[in-house]
Amino acid sequence: MYLKSIEVQGFKSFANKIILDFKPGITGIVGPNGSGKSNVADAVRWVLGEQKIKQLRGSSMQDVIFSGTELRKPLSYASVAITLDNSDHSLPVEFTEVTVTRRLYRSGESEYMINNSPCRLKDVYELFYDTGIGKEGYSIIGQGQIDQILSGKPEDKRDLFDEAAGIVKFKRRKTETIKKLENEHANLLRVNDILSELERRIEPLEKQSEKAKVYLKKK
Ligand code: ATP
């Protein structure tokens with residue numbers, strides 16, 4: 001699986017629609033300070049569902065929308081789409097090419113799409129579990145982040161190893177199953193409470209029924 005292209009429009013410094021096509025091998029992006037090199041990595045991070053604006057070097061999510069220059073008016077939305085080659089089916093979908101799109105409007109409205117079909121943020125996260133590409137993955141490492149990883153909390157380091165070992169998906173499923181089991185356990189307790197309450201009523205009701213039968217017979 002490799003990154004085939006990134007399409008950016010209205011995201012940070014990219015006012016015009018641009019398409020970056022990548023070929024197999026190593027690609028370097030070169031340019032003067034402040035020309036937008038890191039904005040390309042931010043775009044990839046963002047389209048993968050990044051919710052922490054600090055990771056995107058802004059102070060509110062709307063900061064990612066092109067805010068205008070002396071010569072250009074601000075834009076009303078930001079859109080990023082990345083296309084990955086999936087002919088080896090590393091991503092758990094049948095398509096041989098997968099395009100993930102994220103769009104955000106100034107109104108705050110946002111949308112995610114996988115191969116042009118609207119989807120939830122959760123679907124985007126799930127698509128990339130255990131691939132190392134997800135927003136928690138290790139594929140995008142920003143300036144100064146290696147230091148952050150090395151000096152980070154053991155739990156954070158553990159998350160990184162879990163992702164690399166490909167067990168995040170199973171850990172999540174385990175947590176969900178444990179939660180369901182706990183709910184069922186609580187239901188079972190309630191059923192047992194109701195049962196013991198009903199059982200207590202059986203004996204007096206049996207006595208009453210006997211009396212009623214005797215009465216009917218005598219009558
Ligand atoms: P360096 O080499 O210094 O790390 P860089 O090439 O990585 O720089 P970036 O940090 O990617 O550059 O881009 C910074 C530029 O993006 C700045 O000129 C900034 O004004 C511009 N920029 C960031 N957000 C927006 C936005 N919402 N609208 C317009 N321009 C923006």
# chains A, B, ... in the order shown; residues from 1 in each chain; ligands from 1

$ select_by_dssp --residues "segment 5-208 of chain A" --states "helix (DSSP H, G or I)" --output "PyMOL selection string"
chain A and resi 37-47+53-56+61-64+121-128+145-150+154-165+168-208

$ residues_around --residues "Asn115 of chain A" --least-positions-apart "6" --cutoff "8 Å" --atoms "only C-alpha atoms" --output "short mmCIF file (atom, residue, chain, number, x, y, z; two decimals) with all heavy atoms, in the first residue's frame"
data_model
loop_
_atom_site.label_atom_id
_atom_site.label_comp_id
_atom_site.auth_asym_id
_atom_site.auth_seq_id
_atom_site.Cartn_x
_atom_site.Cartn_y
_atom_site.Cartn_z
N VAL A 98 -8.30 3.53 -2.40
CA VAL A 98 -9.19 4.10 -1.37
C VAL A 98 -8.93 5.59 -1.25
O VAL A 98 -7.78 6.02 -1.08
CB VAL A 98 -8.97 3.41 0.00
CG1 VAL A 98 -9.87 4.05 1.06
CG2 VAL A 98 -9.24 1.92 -0.08
N THR A 99 -9.98 6.38 -1.37
CA THR A 99 -9.86 7.83 -1.20
C THR A 99 -10.64 8.25 0.04
O THR A 99 -11.82 7.95 0.18
CB THR A 99 -10.41 8.59 -2.43
OG1 THR A 99 -9.66 8.16 -3.57
CG2 THR A 99 -10.26 10.10 -2.29
N VAL A 100 -9.94 8.92 0.94
CA VAL A 100 -10.60 9.42 2.15
C VAL A 100 -10.64 10.94 2.04
O VAL A 100 -9.63 11.57 1.72
CB VAL A 100 -9.81 9.00 3.42
CG1 VAL A 100 -10.47 9.55 4.67
CG2 VAL A 100 -9.70 7.49 3.50
N THR A 101 -11.82 11.50 2.27
CA THR A 101 -12.00 12.95 2.14
C THR A 101 -12.55 13.54 3.44
O THR A 101 -13.40 12.92 4.08
CB THR A 101 -13.01 13.27 1.00
OG1 THR A 101 -12.64 12.54 -0.16
CG2 THR A 101 -13.09 14.75 0.68
#

$ atom_distance --atom1 "atom CA of Ala41 of chain A" --atom2 "atom CA of Phe170 of chain A"
28.5 Å

$ closest_atom_pairs --of "chain A" --to "ligand 1" --cutoff "10 Å" --atoms "only C-alpha atoms and all ligand atoms" --output "JSON lines"
{"residue": "A:Gly10", "atom": "CA", "partner": "ligand 1", "partner_atom_place_in_ligand_line": "28 (N)", "distance": 7.9}
{"residue": "A:Phe11", "atom": "CA", "partner": "ligand 1", "partner_atom_place_in_ligand_line": "27 (N)", "distance": 6.6}
{"residue": "A:Lys12", "atom": "CA", "partner": "ligand 1", "partner_atom_place_in_ligand_line": "26 (C)", "distance": 3.6}
{"residue": "A:Ser13", "atom": "CA", "partner": "ligand 1", "partner_atom_place_in_ligand_line": "30 (N)", "distance": 3.7}
{"residue": "A:Phe14", "atom": "CA", "partner": "ligand 1", "partner_atom_place_in_ligand_line": "29 (C)", "distance": 7.2}
{"residue": "A:Ala15", "atom": "CA", "partner": "ligand 1", "partner_atom_place_in_ligand_line": "29 (C)", "distance": 7.5}
{"residue": "A:Ile29", "atom": "CA", "partner": "ligand 1", "partner_atom_place_in_ligand_line": "6 (O)", "distance": 8.9}
{"residue": "A:Val30", "atom": "CA", "partner": "ligand 1", "partner_atom_place_in_ligand_line": "6 (O)", "distance": 7.9}
{"residue": "A:Gly31", "atom": "CA", "partner": "ligand 1", "partner_atom_place_in_ligand_line": "6 (O)", "distance": 6.0}
{"residue": "A:Pro32", "atom": "CA", "partner": "ligand 1", "partner_atom_place_in_ligand_line": "6 (O)", "distance": 6.0}
{"residue": "A:Asn33", "atom": "CA", "partner": "ligand 1", "partner_atom_place_in_ligand_line": "2 (O)", "distance": 3.6}
{"residue": "A:Gly34", "atom": "CA", "partner": "ligand 1", "partner_atom_place_in_ligand_line": "12 (O)", "distance": 3.4}
{"residue": "A:Ser35", "atom": "CA", "partner": "ligand 1", "partner_atom_place_in_ligand_line": "6 (O)", "distance": 4.0}
{"residue": "A:Gly36", "atom": "CA", "partner": "ligand 1", "partner_atom_place_in_ligand_line": "11 (O)", "distance": 3.2}
{"residue": "A:Lys37", "atom": "CA", "partner": "ligand 1", "partner_atom_place_in_ligand_line": "6 (O)", "distance": 3.8}
{"residue": "A:Ser38", "atom": "CA", "partner": "ligand 1", "partner_atom_place_in_ligand_line": "11 (O)", "distance": 3.4}
{"residue": "A:Asn39", "atom": "CA", "partner": "ligand 1", "partner_atom_place_in_ligand_line": "11 (O)", "distance": 3.7}
{"residue": "A:Val40", "atom": "CA", "partner": "ligand 1", "partner_atom_place_in_ligand_line": "11 (O)", "distance": 6.7}
{"residue": "A:Ala41", "atom": "CA", "partner": "ligand 1", "partner_atom_place_in_ligand_line": "11 (O)", "distance": 8.0}
{"residue": "A:Asp42", "atom": "CA", "partner": "ligand 1", "partner_atom_place_in_ligand_line": "11 (O)", "distance": 7.8}
{"residue": "A:Ala43", "atom": "CA", "partner": "ligand 1", "partner_atom_place_in_ligand_line": "11 (O)", "distance": 9.7}
{"residue": "A:Leu56", "atom": "CA", "partner": "ligand 1", "partner_atom_place_in_ligand_line": "24 (N)", "distance": 9.4}
{"residue": "A:Arg57", "atom": "CA", "partner": "ligand 1", "partner_atom_place_in_ligand_line": "10 (O)", "distance": 8.4}
{"residue": "A:Gly58", "atom": "CA", "partner": "ligand 1", "partner_atom_place_in_ligand_line": "24 (N)", "distance": 7.6}
{"residue": "A:Met61", "atom": "CA", "partner": "ligand 1", "partner_atom_place_in_ligand_line": "27 (N)", "distance": 9.7}
{"residue": "A:Gln62", "atom": "CA", "partner": "ligand 1", "partner_atom_place_in_ligand_line": "27 (N)", "distance": 7.8}
{"residue": "A:Asp63", "atom": "CA", "partner": "ligand 1", "partner_atom_place_in_ligand_line": "27 (N)", "distance": 4.9}
{"residue": "A:Val64", "atom": "CA", "partner": "ligand 1", "partner_atom_place_in_ligand_line": "27 (N)", "distance": 4.6}
{"residue": "A:Ile65", "atom": "CA", "partner": "ligand 1", "partner_atom_place_in_ligand_line": "27 (N)", "distance": 4.7}
{"residue": "A:Phe66", "atom": "CA", "partner": "ligand 1", "partner_atom_place_in_ligand_line": "28 (N)", "distance": 3.5}
{"residue": "A:Ser67", "atom": "CA", "partner": "ligand 1", "partner_atom_place_in_ligand_line": "28 (N)", "distance": 3.8}
{"residue": "A:Gly68", "atom": "CA", "partner": "ligand 1", "partner_atom_place_in_ligand_line": "29 (C)", "distance": 5.5}
{"residue": "A:Thr69", "atom": "CA", "partner": "ligand 1", "partner_atom_place_in_ligand_line": "29 (C)", "distance": 6.8}
{"residue": "A:Arg72", "atom": "CA", "partner": "ligand 1", "partner_atom_place_in_ligand_line": "29 (C)", "distance": 9.7}
{"residue": "A:Pro74", "atom": "CA", "partner": "ligand 1", "partner_atom_place_in_ligand_line": "28 (N)", "distance": 7.5}
{"residue": "A:Leu75", "atom": "CA", "partner": "ligand 1", "partner_atom_place_in_ligand_line": "28 (N)", "distance": 8.7}
{"residue": "A:Ala78", "atom": "CA", "partner": "ligand 1", "partner_atom_place_in_ligand_line": "27 (N)", "distance": 9.1}
{"residue": "A:Gln143", "atom": "CA", "partner": "ligand 1", "partner_atom_place_in_ligand_line": "4 (O)", "distance": 8.4}

$ closest_residue --among "A:Val47, A:Glu176, A:Phe128, A:Val168" --to "Met113 of chain A" --atoms "only C-alpha atoms"
A:Val47

$ select_by_dssp --residues "segment 5-216 of chain A" --states "strand (DSSP E)" --output "MDAnalysis selection string"
chainID A and resid 5:9 18:21 77:85 97:105 110:114 117:119

$ write_last_selection --atoms "N, CA, C and O atoms" --output "CSV table (one decimal), in the first residue's frame"
chain,number,residue,atom,x,y,z
A,5,SER,N,-1.8,10.0,-3.9
A,5,SER,CA,-2.0,11.4,-4.1
A,5,SER,C,-2.7,12.1,-3.0
A,5,SER,O,-3.4,11.5,-2.2
A,6,ILE,N,-2.5,13.4,-2.9
A,6,ILE,CA,-3.2,14.2,-1.9
A,6,ILE,C,-3.8,15.4,-2.7
A,6,ILE,O,-3.1,16.0,-3.5
A,7,GLU,N,-5.1,15.6,-2.5
A,7,GLU,CA,-5.7,16.7,-3.1
A,7,GLU,C,-6.2,17.7,-2.0
A,7,GLU,O,-6.8,17.3,-1.1
A,8,VAL,N,-5.7,19.0,-2.1
A,8,VAL,CA,-6.0,19.9,-1.1
A,8,VAL,C,-6.6,21.2,-1.7
A,8,VAL,O,-6.2,21.6,-2.8
A,9,GLN,N,-7.7,21.6,-1.0
A,9,GLN,CA,-8.3,22.9,-1.5
A,9,GLN,C,-8.8,23.7,-0.3
A,9,GLN,O,-9.5,23.2,0.5
A,18,ILE,N,-4.9,21.9,-5.3
A,18,ILE,CA,-3.6,21.3,-5.8
A,18,ILE,C,-3.7,19.8,-5.6
A,18,ILE,O,-4.3,19.3,-4.7
A,19,ILE,N,-3.1,19.1,-6.6
A,19,ILE,CA,-3.0,17.7,-6.5
A,19,ILE,C,-1.6,17.3,-6.5
A,19,ILE,O,-0.8,17.6,-7.4
A,20,LEU,N,-1.1,16.6,-5.4
A,20,LEU,CA,0.3,16.1,-5.3
A,20,LEU,C,0.2,14.7,-5.6
A,20,LEU,O,-0.4,13.9,-5.0
A,21,ASP,N,0.9,14.3,-6.7
A,21,ASP,CA,0.9,12.9,-7.1
A,21,ASP,C,2.2,12.3,-6.6
A,21,ASP,O,3.3,12.8,-6.9
A,77,TYR,N,-14.5,27.0,3.0
A,77,TYR,CA,-14.3,25.7,3.5
A,77,TYR,C,-12.9,25.1,3.1
A,77,TYR,O,-12.2,25.7,2.2
A,78,ALA,N,-12.5,24.1,3.9
A,78,ALA,CA,-11.3,23.4,3.6
A,78,ALA,C,-11.6,22.0,3.2
A,78,ALA,O,-12.5,21.4,3.8
A,79,SER,N,-10.9,21.5,2.2
A,79,SER,CA,-11.1,20.1,1.8
A,79,SER,C,-9.8,19.4,1.5
A,79,SER,O,-8.9,20.0,0.9
A,80,VAL,N,-9.7,18.2,2.0
A,80,VAL,CA,-8.5,17.4,1.8
A,80,VAL,C,-8.9,16.0,1.4
A,80,VAL,O,-9.8,15.4,2.0
A,81,ALA,N,-8.3,15.4,0.4
A,81,ALA,CA,-8.6,14.0,0.0
A,81,ALA,C,-7.2,13.3,-0.2
A,81,ALA,O,-6.4,13.8,-0.9
A,82,ILE,N,-7.1,12.1,0.4
A,82,ILE,CA,-5.9,11.3,0.1
A,82,ILE,C,-6.3,10.0,-0.5
A,82,ILE,O,-7.3,9.4,-0.2
A,83,THR,N,-5.5,9.6,-1.5
A,83,THR,CA,-5.8,8.4,-2.2
A,83,THR,C,-4.7,7.4,-2.0
A,83,THR,O,-3.5,7.7,-2.2
A,84,LEU,N,-5.0,6.2,-1.5
A,84,LEU,CA,-4.0,5.2,-1.2
A,84,LEU,C,-4.3,4.0,-2.1
A,84,LEU,O,-5.4,3.6,-2.4
A,85,ASP,N,-3.2,3.5,-2.6
A,85,ASP,CA,-3.3,2.2,-3.4
A,85,ASP,C,-3.5,1.1,-2.4
A,85,ASP,O,-2.8,1.0,-1.5
A,97,GLU,N,-8.3,0.9,-4.6
A,97,GLU,CA,-7.9,2.3,-4.4
A,97,GLU,C,-8.8,2.9,-3.4
A,97,GLU,O,-10.0,2.7,-3.6
A,98,VAL,N,-8.3,3.5,-2.4
A,98,VAL,CA,-9.2,4.1,-1.4
A,98,VAL,C,-8.9,5.6,-1.2
A,98,VAL,O,-7.8,6.0,-1.1
A,99,THR,N,-10.0,6.4,-1.4
A,99,THR,CA,-9.9,7.8,-1.2
A,99,THR,C,-10.6,8.3,0.0
A,99,THR,O,-11.8,7.9,0.2
A,100,VAL,N,-9.9,8.9,0.9
A,100,VAL,CA,-10.6,9.4,2.2
A,100,VAL,C,-10.6,10.9,2.0
A,100,VAL,O,-9.6,11.6,1.7
A,101,THR,N,-11.8,11.5,2.3
A,101,THR,CA,-12.0,13.0,2.1
A,101,THR,C,-12.5,13.5,3.4
A,101,THR,O,-13.4,12.9,4.1
A,102,ARG,N,-12.0,14.7,3.8
A,102,ARG,CA,-12.6,15.4,4.9
A,102,ARG,C,-12.8,16.9,4.5
A,102,ARG,O,-12.0,17.4,3.8
A,103,ARG,N,-14.0,17.4,4.9
A,103,ARG,CA,-14.3,18.8,4.5
A,103,ARG,C,-14.8,19.5,5.7
A,103,ARG,O,-15.5,18.9,6.6
A,104,LEU,N,-14.4,20.8,5.9
A,104,LEU,CA,-14.9,21.6,7.0
A,104,LEU,C,-15.3,22.9,6.5
A,104,LEU,O,-14.6,23.6,5.8
A,105,TYR,N,-16.6,23.3,6.9
A,105,TYR,CA,-17.1,24.7,6.5
A,105,TYR,C,-16.9,25.6,7.7
A,105,TYR,O,-16.8,25.2,8.9
A,110,SER,N,-19.1,19.6,9.2
A,110,SER,CA,-18.0,18.9,8.6
A,110,SER,C,-18.5,17.6,8.0
A,110,SER,O,-19.5,17.1,8.4
A,111,GLU,N,-17.7,17.0,7.1
A,111,GLU,CA,-18.1,15.7,6.5
A,111,GLU,C,-16.9,14.9,6.2
A,111,GLU,O,-15.8,15.4,5.9
A,112,TYR,N,-17.1,13.6,6.3
A,112,TYR,CA,-16.0,12.6,6.0
A,112,TYR,C,-16.6,11.7,4.9
A,112,TYR,O,-17.8,11.4,4.9
A,113,MET,N,-15.7,11.3,4.0
A,113,MET,CA,-16.2,10.4,2.9
A,113,MET,C,-15.1,9.3,2.7
A,113,MET,O,-13.9,9.6,2.7
A,114,ILE,N,-15.5,8.1,2.4
A,114,ILE,CA,-14.6,7.1,1.9
A,114,ILE,C,-15.1,6.7,0.6
A,114,ILE,O,-16.3,6.3,0.4
A,117,SER,N,-18.4,8.1,-0.6
A,117,SER,CA,-19.6,7.9,0.2
A,117,SER,C,-19.5,8.5,1.5
A,117,SER,O,-18.5,8.2,2.3
A,118,PRO,N,-20.5,9.3,2.0
A,118,PRO,CA,-20.4,9.9,3.3
A,118,PRO,C,-20.2,8.9,4.4
A,118,PRO,O,-20.9,7.8,4.3
A,119,CYS,N,-19.4,9.1,5.4
A,119,CYS,CA,-19.3,8.1,6.4
A,119,CYS,C,-19.0,8.9,7.7
A,119,CYS,O,-18.9,10.1,7.8

$ residues_around --residues "Leu127 of chain A" --least-positions-apart "5" --cutoff "9 Å" --atoms "only C-alpha atoms" --output "list in words"
Leu91, Pro92, Val93, Lys122 and Gly134 of chain A

$ atom_distance --atom1 "atom CA of Leu3 of chain A" --atom2 "atom CA of Lys17 of chain A"
18.3 Å

$ closest_residue --among "A:Asn16, A:Thr131, A:Thr27, A:Ser107" --to "Met1 of chain A" --atoms "only C-alpha atoms"
A:Thr131

$ atom_distance --atom1 "atom CA of Arg172 of chain A" --atom2 "atom CA of Trp46 of chain A"
22.5 Å

$ decode --residues "segment 98-124 of chain A" --atoms "N, CA, C and O atoms" --output "compact mmCIF listing (two decimals), in the first residue's frame"
# COMPACT_ATOMS: atom_id res chain seq x y z
N VAL A 98 -8.30 3.53 -2.40
CA VAL A 98 -9.19 4.10 -1.37
C VAL A 98 -8.93 5.59 -1.25
O VAL A 98 -7.78 6.02 -1.08
N THR A 99 -9.98 6.38 -1.37
CA THR A 99 -9.86 7.83 -1.20
C THR A 99 -10.64 8.25 0.04
O THR A 99 -11.82 7.95 0.18
N VAL A 100 -9.94 8.92 0.94
CA VAL A 100 -10.60 9.42 2.15
C VAL A 100 -10.64 10.94 2.04
O VAL A 100 -9.63 11.57 1.72
N THR A 101 -11.82 11.50 2.27
CA THR A 101 -12.00 12.95 2.14
C THR A 101 -12.55 13.54 3.44
O THR A 101 -13.40 12.92 4.08
N ARG A 102 -12.04 14.70 3.80
CA ARG A 102 -12.61 15.43 4.94
C ARG A 102 -12.84 16.87 4.49
O ARG A 102 -11.99 17.44 3.80
N ARG A 103 -13.98 17.43 4.89
CA ARG A 103 -14.31 18.80 4.51
C ARG A 103 -14.82 19.53 5.75
O ARG A 103 -15.54 18.94 6.56
N LEU A 104 -14.43 20.77 5.88
CA LEU A 104 -14.92 21.56 7.02
C LEU A 104 -15.35 22.93 6.52
O LEU A 104 -14.60 23.60 5.78
N TYR A 105 -16.56 23.34 6.93
CA TYR A 105 -17.07 24.66 6.54
C TYR A 105 -16.89 25.63 7.70
O TYR A 105 -16.82 25.21 8.85
N ARG A 106 -16.85 26.93 7.39
CA ARG A 106 -16.72 27.94 8.45
C ARG A 106 -17.85 27.85 9.46
O ARG A 106 -17.69 28.17 10.63
N SER A 107 -19.03 27.40 9.00
CA SER A 107 -20.19 27.26 9.91
C SER A 107 -19.92 26.19 10.98
O SER A 107 -20.66 26.09 11.95
N GLY A 108 -18.89 25.37 10.77
CA GLY A 108 -18.58 24.31 11.73
C GLY A 108 -19.02 22.95 11.22
O GLY A 108 -18.64 21.90 11.74
N GLU A 109 -19.85 22.97 10.16
CA GLU A 109 -20.32 21.71 9.58
C GLU A 109 -19.13 20.96 8.97
O GLU A 109 -18.26 21.58 8.34
N SER A 110 -19.11 19.64 9.17
CA SER A 110 -17.98 18.91 8.58
C SER A 110 -18.46 17.58 8.01
O SER A 110 -19.53 17.10 8.36
N GLU A 111 -17.70 17.04 7.10
CA GLU A 111 -18.08 15.75 6.54
C GLU A 111 -16.86 14.90 6.22
O GLU A 111 -15.79 15.43 5.95
N TYR A 112 -17.06 13.58 6.30
CA TYR A 112 -16.02 12.62 5.95
C TYR A 112 -16.58 11.71 4.88
O TYR A 112 -17.77 11.41 4.88
N MET A 113 -15.71 11.29 3.97
CA MET A 113 -16.16 10.36 2.93
C MET A 113 -15.09 9.31 2.67
O MET A 113 -13.89 9.62 2.75
N ILE A 114 -15.53 8.10 2.41
CA ILE A 114 -14.61 7.06 1.95
C ILE A 114 -15.08 6.69 0.55
O ILE A 114 -16.26 6.33 0.37
N ASN A 115 -14.21 6.81 -0.42
CA ASN A 115 -14.56 6.61 -1.83
C ASN A 115 -15.86 7.32 -2.20
O ASN A 115 -16.78 6.72 -2.77
N ASN A 116 -15.92 8.59 -1.81
CA ASN A 116 -17.04 9.48 -2.12
C ASN A 116 -18.36 9.15 -1.46
O ASN A 116 -19.37 9.79 -1.77
N SER A 117 -18.39 8.15 -0.57
CA SER A 117 -19.63 7.88 0.17
C SER A 117 -19.48 8.49 1.55
O SER A 117 -18.51 8.20 2.25
N PRO A 118 -20.46 9.32 1.96
CA PRO A 118 -20.38 9.93 3.29
C PRO A 118 -20.25 8.86 4.38
O PRO A 118 -20.85 7.78 4.28
N CYS A 119 -19.44 9.11 5.36
CA CYS A 119 -19.25 8.15 6.45
C CYS A 119 -19.01 8.89 7.74
O CYS A 119 -18.95 10.12 7.75
N ARG A 120 -18.88 8.12 8.85
CA ARG A 120 -18.62 8.74 10.15
C ARG A 120 -17.12 8.79 10.38
O ARG A 120 -16.36 8.02 9.78
N LEU A 121 -16.74 9.66 11.31
CA LEU A 121 -15.32 9.76 11.68
C LEU A 121 -14.82 8.39 12.16
O LEU A 121 -13.71 7.95 11.84
N LYS A 122 -15.72 7.69 12.88
CA LYS A 122 -15.39 6.36 13.42
C LYS A 122 -14.98 5.40 12.28
O LYS A 122 -14.07 4.58 12.44
N ASP A 123 -15.67 5.52 11.13
CA ASP A 123 -15.36 4.62 10.01
C ASP A 123 -13.96 4.89 9.49
O ASP A 123 -13.24 3.97 9.08
N VAL A 124 -13.56 6.19 9.49
CA VAL A 124 -12.22 6.54 9.02
C VAL A 124 -11.20 5.95 10.00
O VAL A 124 -10.22 5.31 9.59
